[in-house]
Structures are given as structure tokens and as C-alpha cells.
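Trainee: Sharing a structure below in C-alpha cells format, with a few things to ask.
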Amino acid sequence: MGIFTNAFIAMGIGSADVETILETKSVRQGEEINGRIYLQGGSKDLEFNGISLELYGKLSVEGDDDLQLVKISEIVISESFTLAEETEEYLNFSIALPRNVPITSEHLINHDRNKVYLETKLDLPFAVDPTDVDYLEIFPSHDIETIFTALIDKLGFRLSESETVIYKDEILQEFEFKPTSDSRYQEYLDEIECCFFHVDGGINMFIEIDRRARDTGSSILEMLDMDETHRIVFISNEHLDEGSSHIADLLDDYISKYSR
């Protein structure tokens, strides 16, 4: 293909169209996304170096008011190939989301501050790469949803805020839970902050308990940031299989122990 033909393609003359068709745009952490990529050839045969799917997050990172664009993962769908002029091609795919992909469901968090999208990219030499972008709604895994249900429906907390932290190139999503007005924790607890990690055999729950000042002594501790307790709680698959009421009992014992 000559340099002038490539220049025309770069301006959109004779170029290909790409569209990604997903079975669903709502998916849980760690689950598979199935779909197909539709390619429409232009007025010339096109030589591609390959086609890939890239998962990006526009995330609110702690300490920064601006959203940051982070590449979460990438998968190659096809190596180099030729798309004949005026032809149509469909490429089926199935990819698994990482288990630590940030939760973006607007039912749980501020969707405007946490967005994840899938970008389909065709690598076309010497030209502007055709792309297609699909935003995803990420729900918590079933295990984390069980823990959320225990905290919110059983123990009387509300999810007040979520922030994403990049730590040693890992994406960590923090969740801040505050006791509701009718929660028994409301008198002696300001909030708890949690991060969740899927590990072999269950979930590691990093939890920070922030106690409420109730007298002069505890007020001094609060000013010195000594009113916070940091712990790691391992919740096994066996416990998770027992359901949210069982998890609520476990967390209730733990929070009560370290929040007074």
C-alpha cells in the first residue's frame, strides 16, 4: 500500500469502521464479557498489524481532584490480518474482567467519579487507528456483595464514599461506610473504611475503624489520629457461603471488639 493511500486512510478516506457489540455492559468483577467485533472494509484492502481490547478506568485517585486515566488490562484478539475492500467481518471474543477492577455501579457509588470502559483498537500502520469505546457498569463480585449486604442491610451502615488508590501499580478501591442514625454504632463510631482483595480461599478485608470522640480523653486521641484501628480480616469461602447474616455476625463481633 502506497504512502498516498495511507494518507487518505488517515483522513478517513477508504478507512475501516469498527463496532464492538457486547452481550451486556453490566458485569461483575471477575466475570466474563462476551461479544463480537464488527469490521466494515473501506474502498481499499487494509493491512492491520492486529486488533486488541483495552480496559481503561477514569478513576478518582485519593488526593487528586482530577480523574486519572489508568490502563487496567489488555488482550490481543487477532494478530496481523487483511480486511478486504467493502467486506464485513465478525470476530467473536470472550474476556474475563480482573477481580480487582473498580466497582462503578451507580446504585452503589458516585458513577461520575469512577468510570470503566472497553476500547477496541485496530492497529493500522501509518494512519489514525480506528477505535470503538464501550462504557461498562461494574458490579461487585458475589462475595463482596455479600459483605456489602451484611454491612448495609444487617448492621446499619451506609456506603458514603469510594475512592481509588494506585499503590505499587495496583488498583485499590477504598469504601467508606458510616453508621446510619438508627444504627447502634452511631454513638461510638464515626466510620469504617475498607478495601477488599480476592485471595485463594476467600476475601482479605482491610478495615480501618474510626472511633467517635465521647469524652476529653477520646477527643485528644482523635486529634492525634490515635482513634483509628487498622486490621486485616480474612473471610473464608466457607463463611461467605453461609450468607450475609452470618457475615454480619462475624463483622459485628469484630467491630464491637475494636471500636469501644
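Letters for chains follow the order of the C-alpha cells (A, B, ...), residue numbers begin at 1 for each chain, and ligand numbers begin at 1 in the order shown.
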Apply DSSP to the backbone of this structure and, from range 26-90 of chain A, keep only the residues in strand (DSSP E); write these as JSON, numbers by chain.
Mentor: {"A": [26, 27, 28, 32, 33, 34, 35, 36, 37, 38, 39, 40, 46, 47, 48, 50, 51, 52, 53, 54, 55, 56, 57, 58, 59, 60, 67, 68, 69, 70, 71, 72, 73, 74, 75, 76, 77, 78, 81, 82, 83, 88, 89, 90]}
Trainee: List every residue of range 59-161 of chain A that DSSP, applied to the backbone of this structure, places in helix (DSSP H, G or I), and write the result as a list in words.
Mentor: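 Answer for range 59-161 of chain A restricted to helix (DSSP H, G or I) is His111, Asp112, Arg113, His142, Asp143, Ile144, Glu145, Thr146, Ile147, Phe148, Thr149, Ala150, Leu151, Ile152, Asp153 and Lys154 of chain A.
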Trainee: So which one's closest to Tyr117 in chain A, A:Leu155, A:Val165, A:Ala84, A:Leu22? Using only C-alpha atoms, please.
Mentor: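 Closest candidate: A:Leu22.
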Trainee: Which one is closest to Leu172 in chain A: A:Asp200, A:Asp134, A:Leu59, A:Gly243? Count only C-alpha atoms.
Mentor: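 Under the stated criterion, the closest residue is A:Leu59.
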Trainee: Produce a table with one row for each residue of range 10-46 of chain A that has an atom at most 12 Å from any atom of range 144-149 of chain A, each row naming the nearest atom pair and its distance in Å at one decimal; use only C-alpha atoms; arrange rows by chain and rising residue number; format as a tab-separated table.
Mentor:
```
residue	atom	partner	partner_atom	distance
A:Arg28	CA	A:Glu145	CA	9.9
A:Gln29	CA	A:Ile144	CA	9.4
A:Gly30	CA	A:Ile144	CA	11.5
```
Trainee: Residues as selected, all heavy atoms, written as a PDB file, in the first residue's frame, can you do that?
Mentor:
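Dumped to out-v4.pdb:
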```pdb
ATOM      1  N   ARG A  28     -20.127  -8.320  36.637  1.00  0.00           N
ATOM      2  CA  ARG A  28     -19.500  -8.341  37.956  1.00  0.00           C
ATOM      3  C   ARG A  28     -17.983  -8.474  37.839  1.00  0.00           C
ATOM      4  O   ARG A  28     -17.461  -8.959  36.830  1.00  0.00           O
ATOM      5  CB  ARG A  28     -20.040  -9.509  38.790  1.00  0.00           C
ATOM      6  CG  ARG A  28     -21.498  -9.371  39.181  1.00  0.00           C
ATOM      7  CD  ARG A  28     -21.921 -10.513  40.099  1.00  0.00           C
ATOM      8  NE  ARG A  28     -23.335 -10.438  40.411  1.00  0.00           N
ATOM      9  CZ  ARG A  28     -23.833  -9.716  41.406  1.00  0.00           C
ATOM     10  NH1 ARG A  28     -23.028  -9.026  42.184  1.00  0.00           N
ATOM     11  NH2 ARG A  28     -25.137  -9.695  41.632  1.00  0.00           N
ATOM     12  N   GLN A  29     -17.300  -8.054  38.896  1.00  0.00           N
ATOM     13  CA  GLN A  29     -15.853  -8.233  38.967  1.00  0.00           C
ATOM     14  C   GLN A  29     -15.502  -9.704  38.733  1.00  0.00           C
ATOM     15  O   GLN A  29     -16.128 -10.606  39.288  1.00  0.00           O
ATOM     16  CB  GLN A  29     -15.337  -7.827  40.346  1.00  0.00           C
ATOM     17  CG  GLN A  29     -15.491  -6.368  40.694  1.00  0.00           C
ATOM     18  CD  GLN A  29     -15.162  -6.118  42.153  1.00  0.00           C
ATOM     19  OE1 GLN A  29     -15.727  -6.740  43.044  1.00  0.00           O
ATOM     20  NE2 GLN A  29     -14.243  -5.198  42.409  1.00  0.00           N
ATOM     21  N   GLY A  30     -14.495  -9.942  37.892  1.00  0.00           N
ATOM     22  CA  GLY A  30     -14.012 -11.295  37.664  1.00  0.00           C
ATOM     23  C   GLY A  30     -14.820 -12.114  36.682  1.00  0.00           C
ATOM     24  O   GLY A  30     -14.396 -13.215  36.313  1.00  0.00           O
TER      25      GLY A  30
END
```
Trainee: Kindly indicate which residue among A:Ile138, A:Leu83, A:Val116, A:Leu97 lies nearest to Ile33 in chain A, using only C-alpha atoms for the distances.
Mentor: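 The answer is A:Leu97, which sits nearest to Ile33 in chain A.
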Trainee: What separation in Å, quoted to one decimal, exists between CA of Val101 in chain A and CA of Ile166 in chain A?
Mentor: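 CA of Val101 in chain A sits 12.1 Å away from CA of Ile166 in chain A.
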Trainee: Identify, on the basis of only C-alpha atoms, every residue whose closest approach to Cys194 in chain A does not exceed 7 Å; exclude the query and any residue fewer than 3 positions from it along the same chain; express the result as a short mmCIF file (atom, residue, chain, number, x, y, z; two decimals) with all heavy atoms, in the first residue's frame.
Mentor:
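After the write, around21.cif holds the following:
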```
data_model
loop_
_atom_site.label_atom_id
_atom_site.label_comp_id
_atom_site.auth_asym_id
_atom_site.auth_seq_id
_atom_site.Cartn_x
_atom_site.Cartn_y
_atom_site.Cartn_z
N GLU A 174 -11.11 2.03 47.82
CA GLU A 174 -11.49 2.19 49.22
C GLU A 174 -12.98 2.52 49.32
O GLU A 174 -13.51 3.29 48.51
CB GLU A 174 -10.69 3.32 49.87
CG GLU A 174 -9.20 3.07 49.97
CD GLU A 174 -8.48 4.23 50.63
OE1 GLU A 174 -9.09 5.31 50.77
OE2 GLU A 174 -7.31 4.05 51.00
N PHE A 175 -13.62 1.95 50.33
CA PHE A 175 -15.04 2.21 50.57
C PHE A 175 -15.20 2.74 51.99
O PHE A 175 -14.65 2.17 52.93
CB PHE A 175 -15.87 0.94 50.40
CG PHE A 175 -15.75 0.33 49.03
CD1 PHE A 175 -14.83 -0.67 48.77
CD2 PHE A 175 -16.56 0.77 48.00
CE1 PHE A 175 -14.71 -1.23 47.52
CE2 PHE A 175 -16.45 0.22 46.73
CZ PHE A 175 -15.53 -0.78 46.49
N GLU A 176 -15.94 3.83 52.11
CA GLU A 176 -16.17 4.45 53.41
C GLU A 176 -17.62 4.21 53.82
O GLU A 176 -18.55 4.58 53.10
CB GLU A 176 -15.89 5.95 53.32
CG GLU A 176 -16.05 6.71 54.62
CD GLU A 176 -15.77 8.18 54.43
OE1 GLU A 176 -14.58 8.55 54.32
OE2 GLU A 176 -16.74 8.97 54.38
N MET A 205 -10.10 -8.58 53.94
CA MET A 205 -10.78 -7.30 54.14
C MET A 205 -9.89 -6.43 55.02
O MET A 205 -9.69 -6.72 56.21
CB MET A 205 -12.14 -7.53 54.81
CG MET A 205 -12.93 -6.28 55.10
SD MET A 205 -14.55 -6.71 55.83
CE MET A 205 -15.22 -5.08 56.17
N PHE A 206 -9.30 -5.39 54.42
CA PHE A 206 -8.52 -4.42 55.18
C PHE A 206 -9.50 -3.39 55.73
O PHE A 206 -10.20 -2.73 54.97
CB PHE A 206 -7.48 -3.74 54.28
CG PHE A 206 -6.33 -4.63 53.91
CD1 PHE A 206 -6.51 -5.71 53.06
CD2 PHE A 206 -5.07 -4.41 54.42
CE1 PHE A 206 -5.46 -6.54 52.71
CE2 PHE A 206 -4.01 -5.23 54.08
CZ PHE A 206 -4.20 -6.30 53.22
N ILE A 207 -9.52 -3.24 57.03
CA ILE A 207 -10.54 -2.40 57.65
C ILE A 207 -9.88 -1.41 58.62
O ILE A 207 -8.97 -1.76 59.37
CB ILE A 207 -11.60 -3.26 58.38
CG1 ILE A 207 -12.70 -2.39 58.98
CG2 ILE A 207 -10.96 -4.16 59.43
CD1 ILE A 207 -13.89 -3.20 59.47
N GLU A 208 -10.32 -0.17 58.53
CA GLU A 208 -9.88 0.89 59.44
C GLU A 208 -11.11 1.38 60.19
O GLU A 208 -12.08 1.85 59.59
CB GLU A 208 -9.24 2.03 58.67
CG GLU A 208 -8.85 3.23 59.52
CD GLU A 208 -8.31 4.37 58.68
OE1 GLU A 208 -7.24 4.20 58.06
OE2 GLU A 208 -8.97 5.43 58.63
#
```
Trainee: Would you pick out the contacts of Leu53 in chain A at 9 Å or less, using only C-alpha atoms, so that residues sharing its chain but fewer than 5 positions from it are not included, and give the list as a ChimeraX atom specification?
Mentor: /A:73-77,118-121
Trainee: Please, could you write that set of residues out with N, CA and C atoms as a PDB file, in the first residue's frame?
Mentor:
```pdb
ATOM      1  N   SER A  73      -6.079  -3.489  31.890  1.00  0.00           N
ATOM      2  CA  SER A  73      -5.640  -4.730  31.264  1.00  0.00           C
ATOM      3  C   SER A  73      -5.784  -4.609  29.756  1.00  0.00           C
ATOM      4  N   GLU A  74      -5.201  -5.573  29.045  1.00  0.00           N
ATOM      5  CA  GLU A  74      -5.247  -5.575  27.582  1.00  0.00           C
ATOM      6  C   GLU A  74      -5.202  -7.019  27.099  1.00  0.00           C
ATOM      7  N   ILE A  75      -5.934  -7.305  26.026  1.00  0.00           N
ATOM      8  CA  ILE A  75      -5.913  -8.631  25.430  1.00  0.00           C
ATOM      9  C   ILE A  75      -5.883  -8.488  23.913  1.00  0.00           C
ATOM     10  N   VAL A  76      -5.029  -9.279  23.263  1.00  0.00           N
ATOM     11  CA  VAL A  76      -4.926  -9.269  21.806  1.00  0.00           C
ATOM     12  C   VAL A  76      -5.974 -10.221  21.240  1.00  0.00           C
ATOM     13  N   ILE A  77      -6.832  -9.705  20.358  1.00  0.00           N
ATOM     14  CA  ILE A  77      -7.884 -10.509  19.743  1.00  0.00           C
ATOM     15  C   ILE A  77      -7.382 -11.187  18.474  1.00  0.00           C
ATOM     16  N   LEU A 118     -14.266  -0.195  27.835  1.00  0.00           N
ATOM     17  CA  LEU A 118     -13.549  -1.133  26.983  1.00  0.00           C
ATOM     18  C   LEU A 118     -13.321  -0.458  25.636  1.00  0.00           C
ATOM     19  N   GLU A 119     -12.063  -0.374  25.239  1.00  0.00           N
ATOM     20  CA  GLU A 119     -11.730   0.257  23.961  1.00  0.00           C
ATOM     21  C   GLU A 119     -11.224  -0.798  22.987  1.00  0.00           C
ATOM     22  N   THR A 120     -11.877  -0.874  21.829  1.00  0.00           N
ATOM     23  CA  THR A 120     -11.442  -1.759  20.753  1.00  0.00           C
ATOM     24  C   THR A 120     -10.531  -0.966  19.831  1.00  0.00           C
ATOM     25  N   LYS A 121      -9.338  -1.484  19.598  1.00  0.00           N
ATOM     26  CA  LYS A 121      -8.351  -0.729  18.828  1.00  0.00           C
ATOM     27  C   LYS A 121      -7.810  -1.582  17.686  1.00  0.00           C
TER      28      LYS A 121
END
```
Trainee: Let me make sure I understand: among A:Pro140, A:Leu124, A:Tyr135, A:Ser80, which one has the smallest atom-to-atom distance to Ile21 in chain A if we use only C-alpha atoms?
Mentor: A:Tyr135
Trainee: Interatomic distance between CA of Ala150 in chain A and CA of Ile247 in chain A?
Mentor: 6.1 Å
Trainee: Can you list, as a PDB file with N, CA, C and O atoms, in the first residue's frame, every protein, DNA or RNA residue that comes within 7 Å of Glu85 in chain A when you count only C-alpha atoms, leaving out same-chain residues fewer than 2 positions away?
Mentor:
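Below you can see out.pdb, which holds the result:
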```
ATOM      1  N   GLY A  41     -15.089  -3.041   5.832  1.00  0.00           N
ATOM      2  CA  GLY A  41     -13.993  -2.591   4.989  1.00  0.00           C
ATOM      3  C   GLY A  41     -14.338  -1.340   4.210  1.00  0.00           C
ATOM      4  O   GLY A  41     -15.510  -1.036   3.958  1.00  0.00           O
ATOM      5  N   GLY A  42     -13.296  -0.608   3.822  1.00  0.00           N
ATOM      6  CA  GLY A  42     -13.478   0.619   3.053  1.00  0.00           C
ATOM      7  C   GLY A  42     -13.276   0.385   1.571  1.00  0.00           C
ATOM      8  O   GLY A  42     -13.515  -0.713   1.051  1.00  0.00           O
ATOM      9  N   SER A  43     -12.790   1.408   0.882  1.00  0.00           N
ATOM     10  CA  SER A  43     -12.644   1.343  -0.572  1.00  0.00           C
ATOM     11  C   SER A  43     -11.330   0.699  -1.005  1.00  0.00           C
ATOM     12  O   SER A  43     -11.085   0.548  -2.200  1.00  0.00           O
ATOM     13  N   LYS A  44     -10.492   0.318  -0.034  1.00  0.00           N
ATOM     14  CA  LYS A  44      -9.220  -0.335  -0.335  1.00  0.00           C
ATOM     15  C   LYS A  44      -9.019  -1.510   0.613  1.00  0.00           C
ATOM     16  O   LYS A  44      -9.557  -1.529   1.718  1.00  0.00           O
ATOM     17  N   ASP A  45      -8.241  -2.505   0.169  1.00  0.00           N
ATOM     18  CA  ASP A  45      -7.789  -3.537   1.099  1.00  0.00           C
ATOM     19  C   ASP A  45      -6.927  -2.878   2.172  1.00  0.00           C
ATOM     20  O   ASP A  45      -6.092  -2.014   1.863  1.00  0.00           O
ATOM     21  N   LEU A  83      -8.090  -6.839   5.767  1.00  0.00           N
ATOM     22  CA  LEU A  83      -9.527  -6.621   5.623  1.00  0.00           C
ATOM     23  C   LEU A  83      -9.778  -6.181   4.186  1.00  0.00           C
ATOM     24  O   LEU A  83      -9.369  -5.098   3.771  1.00  0.00           O
ATOM     25  N   THR A  87     -15.824  -5.358   2.485  1.00  0.00           N
ATOM     26  CA  THR A  87     -16.267  -6.617   3.087  1.00  0.00           C
ATOM     27  C   THR A  87     -16.618  -6.402   4.555  1.00  0.00           C
ATOM     28  O   THR A  87     -16.227  -5.406   5.172  1.00  0.00           O
TER      29      THR A  87
END
```
